[in-house]
Amino acid sequence: MQFEVFTLLPEVFPSYLETSILKRARERGLIRVNVHNIRDYAHDKHHTTDDQPYGGGGGMVMKPEPVFEAVESALGTSAPGSEIPVILLTPQGRVFNQEVAKELSQHPRLALLCGRYEGVDERIRQRLATDEISIGDYVLTGGELPALILIDAVSRLLPNVLGDPTGAEDDSHAMGLLEYPHYTRPPVFRGDAVPEALLSGDHKRIDRWRREQALERTFRKRPDMLERADLSDADRKFLKSLTSNLQP
C-alpha cells in the first residue's frame, strides 16, 4: 500500500516511520509513505501557505492554492474524481475506528491531508477531499498525529506486515471485543501467578479462557461494544452469569 501525506511539517514523520513494525514493512516493500511538503507548492518569496480568514476572527486559514497543487502534482489533475481516497484529517470527520481501518486497507493508495492553524479553506474540503476522518472528539494542533495513527492502524491489517499472521485478528476492537490479558515468564511474580488455564497445554481450554476474559473485560470496561459484537450462545450464557453476579 502507498500513503501520500500532505503536510506543512514533514519533519514530524521520519522518527515514527523509521522504527519497529512500520520500518520493517517499508524495508520489505509492503508499505510506502511519501511525505509531501505543502510549502514547496507556494510560489511567493516567503512560501506562504496561510492567510487571514474572510470575515475576521482569530487564527489563520490554510490557503487552497498550494494544497490543490501539491495533491494534483502527486495524484494527477483528476485527483478529486479519481479512485484514490483523499482524506482530510479533521475533528469534523467521521470517527476513525477498526472498521474504518479495514475499509481503508482495501485501497492500494491513500492520500492524507494534514490541516494546521485554524483550519483549511472550505474549498479544500468541498472540492479536493473525498473523505473526512477524525480520531476523536478533541482538538489537536494539526493533522500529523492523526495521519500517523491512520497509517499505523491500516498498515497492521495488510498481509505480512505483522510477524504473526493472525496477530491483528486478536487485537482489541479487531474481534469486536477488548483483548484478553497476556502473561509471560516468570510464572509467579511478587506472589501473582499466571492463570492455570494458560499453563495447562489444553488449547481448547486456553481459547475458551481467553474468550471469556475478553468478554468480561469488555463487559466491565466497554459494555457498549457488546451490542455490536458477534456473540455465540456460549458467549451470551457467560455474559448472563456476569450480570447475575452483579445483582444483590
# chains A, B, ... in the order shown; residues from 1 in each chain; ligands from 1
call {"tool": "select_by_dssp", "arguments": {"residues": "stretch 34-221 of chain A", "states": "alpha helix (DSSP H)", "output": "PyMOL selection string"}}
result
chain A and resi 64-75+98-104+122-127+144-155+167-170+196-199+203-221
call {"tool": "residues_around", "arguments": {"residues": "A:Val161", "least_positions_apart": "3", "cutoff": "9 Å", "atoms": "only C-alpha atoms", "output": "PyMOL selection string"}}
result
chain A and resi 21-22+24-25+28+30-31+155-158+164-165
call {"tool": "closest_atom_pairs", "arguments": {"of": "stretch 46-102 of chain A", "to": "stretch 124-140 of chain A", "cutoff": "12 Å", "atoms": "only C-alpha atoms", "output": "CSV"}}
result
residue,atom,partner,partner_atom,distance
A:Val61,CA,A:Ile124,CA,11.1
A:Met62,CA,A:Ile124,CA,9.2
A:Lys63,CA,A:Ile124,CA,8.6
A:Pro64,CA,A:Ile124,CA,6.0
A:Glu65,CA,A:Ile124,CA,9.1
A:Pro66,CA,A:Ile124,CA,10.4
A:Val67,CA,A:Ile124,CA,7.6
A:Phe68,CA,A:Leu128,CA,7.0
A:Glu69,CA,A:Leu128,CA,10.4
A:Ala70,CA,A:Leu128,CA,11.1
A:Val71,CA,A:Leu128,CA,8.4
A:Glu72,CA,A:Leu128,CA,9.3
A:Leu75,CA,A:Leu128,CA,11.4
A:Gly76,CA,A:Leu128,CA,12.0
A:Thr77,CA,A:Leu128,CA,10.5
A:Ser78,CA,A:Leu128,CA,9.8
A:Ala79,CA,A:Leu128,CA,7.5
A:Pro80,CA,A:Leu128,CA,5.1
A:Gly81,CA,A:Thr130,CA,8.4
A:Ser82,CA,A:Thr130,CA,9.4
A:Glu83,CA,A:Thr130,CA,9.5
A:Ile84,CA,A:Thr130,CA,8.7
A:Pro85,CA,A:Thr130,CA,5.9
A:Val86,CA,A:Ala129,CA,5.0
A:Ile87,CA,A:Asp131,CA,4.7
A:Leu88,CA,A:Glu132,CA,4.7
A:Leu89,CA,A:Ile133,CA,5.1
A:Thr90,CA,A:Ser134,CA,5.2
A:Pro91,CA,A:Ser134,CA,4.8
A:Gln92,CA,A:Ser134,CA,6.5
A:Gly93,CA,A:Ile133,CA,4.1
A:Arg94,CA,A:Ile133,CA,4.9
A:Val95,CA,A:Ser134,CA,4.8
A:Phe96,CA,A:Ile135,CA,5.1
A:Asn97,CA,A:Ile135,CA,7.9
A:Gln98,CA,A:Ile135,CA,11.2
A:Val100,CA,A:Ile133,CA,9.3
A:Ala101,CA,A:Ile133,CA,10.8
call {"tool": "residues_around", "arguments": {"residues": "A:Leu226", "least_positions_apart": "6", "cutoff": "12 Å", "atoms": "only C-alpha atoms", "output": "PDB file with N, CA and C atoms, in the first residue's frame"}}
result
ATOM      1  N   HIS A 173     -10.694  -4.569  19.732  1.00  0.00           N
ATOM      2  CA  HIS A 173     -11.569  -3.983  18.703  1.00  0.00           C
ATOM      3  C   HIS A 173     -11.578  -4.804  17.414  1.00  0.00           C
ATOM      4  N   MET A 175     -11.696  -7.989  16.987  1.00  0.00           N
ATOM      5  CA  MET A 175     -12.683  -9.063  17.071  1.00  0.00           C
ATOM      6  C   MET A 175     -13.996  -8.580  17.667  1.00  0.00           C
ATOM      7  N   GLY A 176     -14.134  -7.266  17.811  1.00  0.00           N
ATOM      8  CA  GLY A 176     -15.363  -6.712  18.346  1.00  0.00           C
ATOM      9  C   GLY A 176     -15.397  -6.651  19.851  1.00  0.00           C
ATOM     10  N   LEU A 177     -14.322  -7.097  20.501  1.00  0.00           N
ATOM     11  CA  LEU A 177     -14.212  -7.087  21.953  1.00  0.00           C
ATOM     12  C   LEU A 177     -12.862  -6.495  22.348  1.00  0.00           C
ATOM     13  N   LEU A 178     -12.723  -6.141  23.618  1.00  0.00           N
ATOM     14  CA  LEU A 178     -11.409  -5.795  24.120  1.00  0.00           C
ATOM     15  C   LEU A 178     -10.574  -7.072  24.233  1.00  0.00           C
ATOM     16  N   ALA A 214     -11.920 -11.893  27.455  1.00  0.00           N
ATOM     17  CA  ALA A 214     -12.228 -10.775  26.549  1.00  0.00           C
ATOM     18  C   ALA A 214     -13.663 -10.300  26.766  1.00  0.00           C
ATOM     19  N   LEU A 215     -14.568 -11.250  26.926  1.00  0.00           N
ATOM     20  CA  LEU A 215     -15.966 -10.896  27.176  1.00  0.00           C
ATOM     21  C   LEU A 215     -16.108 -10.140  28.497  1.00  0.00           C
ATOM     22  N   GLU A 216     -15.466 -10.641  29.550  1.00  0.00           N
ATOM     23  CA  GLU A 216     -15.593  -9.996  30.859  1.00  0.00           C
ATOM     24  C   GLU A 216     -14.969  -8.608  30.854  1.00  0.00           C
ATOM     25  N   ARG A 217     -13.801  -8.489  30.226  1.00  0.00           N
ATOM     26  CA  ARG A 217     -13.139  -7.184  30.179  1.00  0.00           C
ATOM     27  C   ARG A 217     -13.997  -6.177  29.411  1.00  0.00           C
ATOM     28  N   THR A 218     -14.594  -6.613  28.313  1.00  0.00           N
ATOM     29  CA  THR A 218     -15.465  -5.726  27.532  1.00  0.00           C
ATOM     30  C   THR A 218     -16.725  -5.382  28.319  1.00  0.00           C
ATOM     31  N   PHE A 219     -17.270  -6.372  29.003  1.00  0.00           N
ATOM     32  CA  PHE A 219     -18.474  -6.177  29.820  1.00  0.00           C
ATOM     33  C   PHE A 219     -18.239  -5.108  30.883  1.00  0.00           C
ATOM     34  N   ARG A 220     -17.056  -5.113  31.496  1.00  0.00           N
ATOM     35  CA  ARG A 220     -16.775  -4.196  32.601  1.00  0.00           C
ATOM     36  C   ARG A 220     -16.280  -2.828  32.124  1.00  0.00           C
ATOM     37  N   SER A 232     -21.726 -15.871  20.417  1.00  0.00           N
ATOM     38  CA  SER A 232     -22.299 -17.216  20.339  1.00  0.00           C
ATOM     39  C   SER A 232     -23.248 -17.438  21.516  1.00  0.00           C
ATOM     40  N   ASP A 235     -21.232 -17.506  24.575  1.00  0.00           N
ATOM     41  CA  ASP A 235     -20.854 -16.147  24.997  1.00  0.00           C
ATOM     42  C   ASP A 235     -21.989 -15.499  25.784  1.00  0.00           C
ATOM     43  N   ARG A 236     -23.188 -15.608  25.261  1.00  0.00           N
ATOM     44  CA  ARG A 236     -24.337 -14.977  25.921  1.00  0.00           C
ATOM     45  C   ARG A 236     -24.596 -15.603  27.294  1.00  0.00           C
ATOM     46  N   LEU A 239     -22.004 -14.142  29.644  1.00  0.00           N
ATOM     47  CA  LEU A 239     -22.340 -12.758  29.992  1.00  0.00           C
ATOM     48  C   LEU A 239     -23.528 -12.708  30.953  1.00  0.00           C
TER      49      LEU A 239
END
